[in-house]
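Shown next, in structure tokens, is the structure this report addresses.
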Amino acid sequence: MSREALMAAVRDVVDFPKPGIVFKDITPILADGALFRESITLLCETAGGAKIDKVVGIDARGFIFAAAVADRLGAGFVPIRKKGKLPWKTRQTAYSLEYGEAIVELHLDAVKPGESILLVDDLLATGGTAAAAVKLLDELGANLVGISVLIELEFLSGRAKLAPHVVSAILGY
Ligand code: AMP
């Protein structure tokens with residue numbers, strides 16, 4: 001099992017969800033037990049053996065990977081969700097998308113000050129979504145150990161928005 005096998009399984013879908021976007025479809029990885037397990041193993045390795053209290057996943061594909069990573073690391077799982085989905089008291093932040101703005105939120109008691117957090121998403125593009133998640137975690141006093149993604153669109157330089165936090169990507173394009 002190799003990164004090449006994972007990369008070969010990612011399906012490029014042209015002009016989805018709108019013209020000009022090449023969507024990286026990770027569902028073929030999820031559907032293959034060996035590939036899915038390998039993706040989780042490699043994401044877990046990005047923690048470098050650090051003790052992680054909670055793995056935070058970003059709505060919605062990030063949940064799939066983050067929950068599995070949390071289970072493997074013996075950590076808790078925390079969702080960062082799009083506005084209006086979390087039932088209790090939240091902290092929110094707005095961020096820019098290609099067109100317009102979006103809001104993400106986190107339950108106020110989801111992360112305690114000083115807890116060691118690994119932030120996980122499926123894909124890093126411009127970095128706007130991850131930067132919003134980092135802002136929420138910083139505001140709650142989290143100790144962000146790293147930001148780990150399965151796929152990084154390197155040509156968009158999203159990781160520059162996340163400095164000085166450590167970004168680890170399994171597959172780079
Ligand atoms: P960004 O905020 O630009 O870094 O976008 C990251 C978020 O949008 C991630 O949660 C991805 O799931 C999604 N996303 C952005 N671009 C793509 C793409 N080309 N293929 C698949 N998902 C994408």
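If you're wondering about the labels, chains in the structure tokens are A, B, ... by order shown, residues count from 1 in each chain, ligands from 1 in order shown.
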
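Secondary structure from DSSP on the backbone puts helix (DSSP H, G or I) at the following positions of range 47-150 of chain A: Arg61, Gly62, Phe63, Ile64, Phe65, Ala66, Ala67, Ala68, Val69, Ala70, Asp71, Arg72, Leu73, Gly128, Thr129, Ala130, Ala131, Ala132, Ala133, Val134, Lys135, Leu136, Leu137, Asp138 and Glu139 of chain A.
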
**Study point:** Expected answer as number ranges by chain: residues within 10 Å of ligand 1, only C-alpha atoms and all ligand atoms
**Key:** A: 10-17, 20-26, 57-63, 95-98, 102, 120-133, 149, 151-153, 156-159, 161

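All residues of protein, DNA or RNA that reach within 6 Å of range 138-148 of chain A, judged by only C-alpha atoms and not counting those fewer than 6 positions away in the chain, are Pro113, Gly114, Glu115, Ser116, Ile117, Leu118, Leu119, Val120, Val166, Val167, Ser168 and Ala169 of chain A.
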
Exercise for review: Excluding Asp109 in chain A and residues on its chain fewer than 3 positions from it, collect all residues at most 10 Å away from it, counting only C-alpha atoms, and give them as JSON, numbers by chain.
Suggested key: {"A": [88, 89, 90, 91, 106, 112, 113, 140]}

Put those residues in a file: N, CA, C and O atoms, as a PDB file, in the first residue's frame.
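Result written to part.pdb:
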ATOM      1  N   TRP A  88     -26.096  23.464  20.596  1.00  0.00           N
ATOM      2  CA  TRP A  88     -25.885  24.164  21.863  1.00  0.00           C
ATOM      3  C   TRP A  88     -25.177  25.499  21.614  1.00  0.00           C
ATOM      4  O   TRP A  88     -25.139  25.978  20.487  1.00  0.00           O
ATOM      5  N   LYS A  89     -24.610  26.093  22.691  1.00  0.00           N
ATOM      6  CA  LYS A  89     -23.935  27.401  22.565  1.00  0.00           C
ATOM      7  C   LYS A  89     -22.670  27.261  21.736  1.00  0.00           C
ATOM      8  O   LYS A  89     -21.891  26.313  21.948  1.00  0.00           O
ATOM      9  N   THR A  90     -22.466  28.203  20.821  1.00  0.00           N
ATOM     10  CA  THR A  90     -21.304  28.087  19.929  1.00  0.00           C
ATOM     11  C   THR A  90     -20.487  29.374  19.898  1.00  0.00           C
ATOM     12  O   THR A  90     -20.962  30.446  20.261  1.00  0.00           O
ATOM     13  N   ARG A  91     -19.246  29.225  19.420  1.00  0.00           N
ATOM     14  CA  ARG A  91     -18.437  30.359  18.993  1.00  0.00           C
ATOM     15  C   ARG A  91     -18.377  30.263  17.473  1.00  0.00           C
ATOM     16  O   ARG A  91     -18.193  29.166  16.932  1.00  0.00           O
ATOM     17  N   LEU A 106     -18.319  26.164  16.500  1.00  0.00           N
ATOM     18  CA  LEU A 106     -17.788  25.123  17.376  1.00  0.00           C
ATOM     19  C   LEU A 106     -18.513  25.254  18.711  1.00  0.00           C
ATOM     20  O   LEU A 106     -18.729  26.383  19.180  1.00  0.00           O
ATOM     21  N   LYS A 112     -11.097  22.466  25.653  1.00  0.00           N
ATOM     22  CA  LYS A 112     -10.727  23.192  26.877  1.00  0.00           C
ATOM     23  C   LYS A 112      -9.346  23.823  26.690  1.00  0.00           C
ATOM     24  O   LYS A 112      -8.514  23.278  25.947  1.00  0.00           O
ATOM     25  N   PRO A 113      -9.095  24.954  27.373  1.00  0.00           N
ATOM     26  CA  PRO A 113      -7.792  25.601  27.235  1.00  0.00           C
ATOM     27  C   PRO A 113      -6.658  24.616  27.507  1.00  0.00           C
ATOM     28  O   PRO A 113      -6.721  23.861  28.478  1.00  0.00           O
ATOM     29  N   LEU A 140     -10.403  29.506  21.770  1.00  0.00           N
ATOM     30  CA  LEU A 140     -10.755  28.645  22.909  1.00  0.00           C
ATOM     31  C   LEU A 140      -9.521  28.208  23.696  1.00  0.00           C
ATOM     32  O   LEU A 140      -9.627  27.447  24.656  1.00  0.00           O
TER      33      LEU A 140
END

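Residue nearest Leu43 in chain A within the list A:Ala70, A:Ala5, A:Ile29, A:Ile103: A:Ala70 [criterion: smallest interatomic distance, only C-alpha atoms].
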
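Taking CA of Asp53 in chain A and CA of Ala68 in chain A as endpoints, the distance between them is 14.2 Å.
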
Check your understanding: Between A:Glu45, A:Val104, A:Ile64, A:Thr27, which one has atoms that come closest to Lys85 in chain A, using only C-alpha atoms?
Key -> A:Val104

Check your understanding: Looking only at the backbone, which of the residues in range 24-107 of chain A does DSSP tag as strand (DSSP E or B), as a PyMOL selection string?
Key -> chain A and resi 24-25+54-58+76-82+90-96+101-107

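Restricting the calculation to only C-alpha atoms, the smallest distance between Met1 in chain A and any of A:Val69, A:Val78, A:Val55, A:Leu42 is found for A:Leu42.
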